[in-house]
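*Asks:* My structure is below; once you've seen it, I'll send some questions.
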Amino acid sequence: MRVPLEPPPGLTDDDTTFATPGAWADGSNIRFAKGKAETIGPWFEAFAPLLTGACRNILSWTDNDGNVTIAFGTHSALQVLWSGAIHSITPAGLTAGAIHSSGTAPGYGTGAYGTGTYSVPASQAFARTWSLDTWGENLLASPRGGTLYHWQNDPLETAAEVANAPDEITAIATTIERQVLALGCNEEVSGLFNPLCIRGCDLEDIDDWTTTATNNAFELILEGSGSIVTGRKLGPYVLVWTNVGLYMGQFIGSPSQTYRFDLVALNCGLIGPNAVQIVGQTAIWISTDRQFRIWTPGVQPRILECPIWSDFADNLDESQPVKIAAAEVSKFSEVWFHYPDLRDASPGENSRYVAVAIDPLTGSWRTWFRGAMERTAFTDAGVAAYPIGVDADGRAWYHENPQGDPVDWTLRTTDTYVGEGDQAAEIQRFVPDFEEQDASISLALRLRKEPRSAVVTKGPYVIGAGDVRKDLRASGRIMTVELSGTGRMRLGKPQFEAVVRGRR
């Protein structure tokens, strides 16, 4: 008989492998495109100089002449790739922030909630992150706990402080009405930092933050408790996450009420400022309870079922959640979350990713995969040619780039019965079927008679790019298949040829 190797797309390991027969249990650097397993694309060094500091955010955009510029916010600098060269535009007088979160002050992800002094910002407790956005063809940048800076596309000039903007800002967002919102900032009258205060400049004027009866500069305090983590635009709305819940802002336009913010839901707060991604009219994020959540306007946020959640949640370094970096890879309809894993050597830095893709058959976010990759910041291609990621050394990479080095990958099935019921089978040969195969692939089989029987490992067998079959000699009732290699691979429908040898 022939036993095809065609598990459904996606990884699953939250149950025992016997509870999910005929599935993929584990893998690294493998995505599932059009229902089939294939290697992720390689990456290629984007430019030679290393960035200064640990990069936490990236933004790419074009100026009015169509020139691509890429900004990098690190713990100690603000830099841009402009006309093929790296330039420092770090604001004058800006000192370096923390590389790692210390957990010595209140706020999302560090310390106990409710500790500390209400009006004192906790920026020193967190690894420095940046809010980056555009103002026309120019860059707006704000380091968490710092003020707002404006850079006007001149590599010989540094980013300049925006006059009258709040001195201490958690995050910024630029609206489609051409208004900058400071999310979590100093109150206008008292000057005290309020983690739930939102202030906006006047329309089209980033220097006017004084509220009057005749302009649209405004201030409001979100109802409820907690601290603002970040904000994102979603269509005409501005979404604001606290460490407790989600709020939706709508532009009203009247000087007496420029914006209105309504509570969407509680108990779905954001774990870190970059742990959210907007895809079309959908927001996907990691909440403070480490669950993946999803929301579209008109419905309540819900937990996004993740069959590999336990491995992520059990090993996430909860002292460094501000470093989690979400990014869309739109070419494959995917959202990746780069996160710090306690099992890896790099102390407190993002060392792995967990990702989800839209199932092409159902249109739902349900196909999950993961891997080992050190990226402190990541962003989709956007106006650039390829997605961009930065490692802990400050080296920037263009991803999904065919010029890159071959990628190491692994893939493993769950434990699956080879024959029917209690029949034993002899696996005699493997018939390869790979749409793409750059190099030899390693095949190993793990066989046993019962779920708790001793495992017998056969192989690894080397499957060459031109091999039409590989003879084997392996017997058992239950089989796990392990594939690994380096380079491109897309799985077709390989098969095992087996002979039933009777019942146990």
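Convention: chains lettered A, B, ... in structure tokens order; per-chain residue numbering from 1; ligands numbered from 1 as shown.
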Which residues come within 7 Å of stretch 405-410 of chain A, counting only C-alpha atoms, excluding same-chain residues fewer than 4 positions away, as number ranges by chain?
*Replies:* A: 27-30, 39, 42-43, 483-487
*Asks:* When you look at A:Ser364 with a cut-off of 12 Å (counting only C-alpha atoms), what residues show up, excluding the ones that are within fewer than 2 positions of it in the same chain? I need them as a list of chain:residue names.
*Replies:*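 My reading of the contact set: A:Thr282, A:Ile294, A:Leu304, A:Glu305, A:Ser333, A:Glu334, A:Val356, A:Ala357, A:Ile358, A:Asp359, A:Pro360, A:Leu361, A:Thr362, A:Arg366, A:Thr367, A:Trp368.
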*Asks:* Find the residues near A:Val383: any atom within 9 Å, counting only C-alpha atoms, skip ones fewer than 6 places away on the same chain, and give them as a short mmCIF file (atom, residue, chain, number, x, y, z; two decimals) with N, CA and C atoms, in the first residue's frame.
*Replies:*
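Done, and the output landed in selection-v9.cif:
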data_model
loop_
_atom_site.label_atom_id
_atom_site.label_comp_id
_atom_site.auth_asym_id
_atom_site.auth_seq_id
_atom_site.Cartn_x
_atom_site.Cartn_y
_atom_site.Cartn_z
N SER A 60 9.33 52.82 6.86
CA SER A 60 9.76 53.19 5.51
C SER A 60 8.68 54.03 4.84
N TRP A 61 9.10 55.01 4.05
CA TRP A 61 8.15 55.87 3.34
C TRP A 61 8.87 56.52 2.16
N THR A 62 8.12 57.19 1.32
CA THR A 62 8.70 57.90 0.18
C THR A 62 8.43 59.39 0.32
N VAL A 68 12.82 56.51 -1.55
CA VAL A 68 12.54 55.68 -0.39
C VAL A 68 13.48 56.04 0.76
N THR A 69 12.90 56.25 1.93
CA THR A 69 13.68 56.50 3.15
C THR A 69 13.23 55.51 4.21
#
*Asks:* Determine the nearest neighbour of A:Thr90 from the options A:Leu148, A:Leu78, A:Val189, A:Ala444, counting only C-alpha atoms.
*Replies:*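 Of A:Leu148, A:Leu78, A:Val189, A:Ala444, the one nearest A:Thr90, counting only C-alpha atoms, is A:Leu78.
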*Asks:* For each of A:Cys201, A:Val244, A:Leu196, A:Ala125, take the minimum atom-to-atom distance to A:Val162, counting only C-alpha atoms, then give the residue where this is smallest.
*Replies:*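 Closest to A:Val162 of all the choices is A:Cys201.
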*Asks:* Running DSSP on the backbone, which parts of stretch 165-194 of chain A land in strand (DSSP E), as a PyMOL selection string?
*Replies:* chain A and resi 169-174+180-186+193-194
*Asks:* Produce a file of the selected residues containing C-alpha atoms, as a PDB file, in the first residue's frame.
*Replies:*
ATOM      1  CA  ILE A 169       4.789  60.956  25.583  1.00  0.00           C
ATOM      2  CA  THR A 170       4.122  57.222  25.640  1.00  0.00           C
ATOM      3  CA  ALA A 171       3.226  56.904  21.947  1.00  0.00           C
ATOM      4  CA  ILE A 172       2.099  58.996  18.975  1.00  0.00           C
ATOM      5  CA  ALA A 173      -0.310  58.534  16.082  1.00  0.00           C
ATOM      6  CA  THR A 174      -0.904  60.768  13.059  1.00  0.00           C
ATOM      7  CA  VAL A 180      -0.804  64.331  15.758  1.00  0.00           C
ATOM      8  CA  LEU A 181      -2.084  62.597  18.882  1.00  0.00           C
ATOM      9  CA  ALA A 182       0.101  62.238  21.965  1.00  0.00           C
ATOM     10  CA  LEU A 183      -1.106  59.087  23.730  1.00  0.00           C
ATOM     11  CA  GLY A 184      -0.222  59.050  27.419  1.00  0.00           C
ATOM     12  CA  CYS A 185       1.335  62.442  28.128  1.00  0.00           C
ATOM     13  CA  ASN A 186       1.507  65.572  30.314  1.00  0.00           C
ATOM     14  CA  PHE A 193       2.184  63.094  33.321  1.00  0.00           C
ATOM     15  CA  ASN A 194      -1.086  61.164  33.088  1.00  0.00           C
TER      16      ASN A 194
END
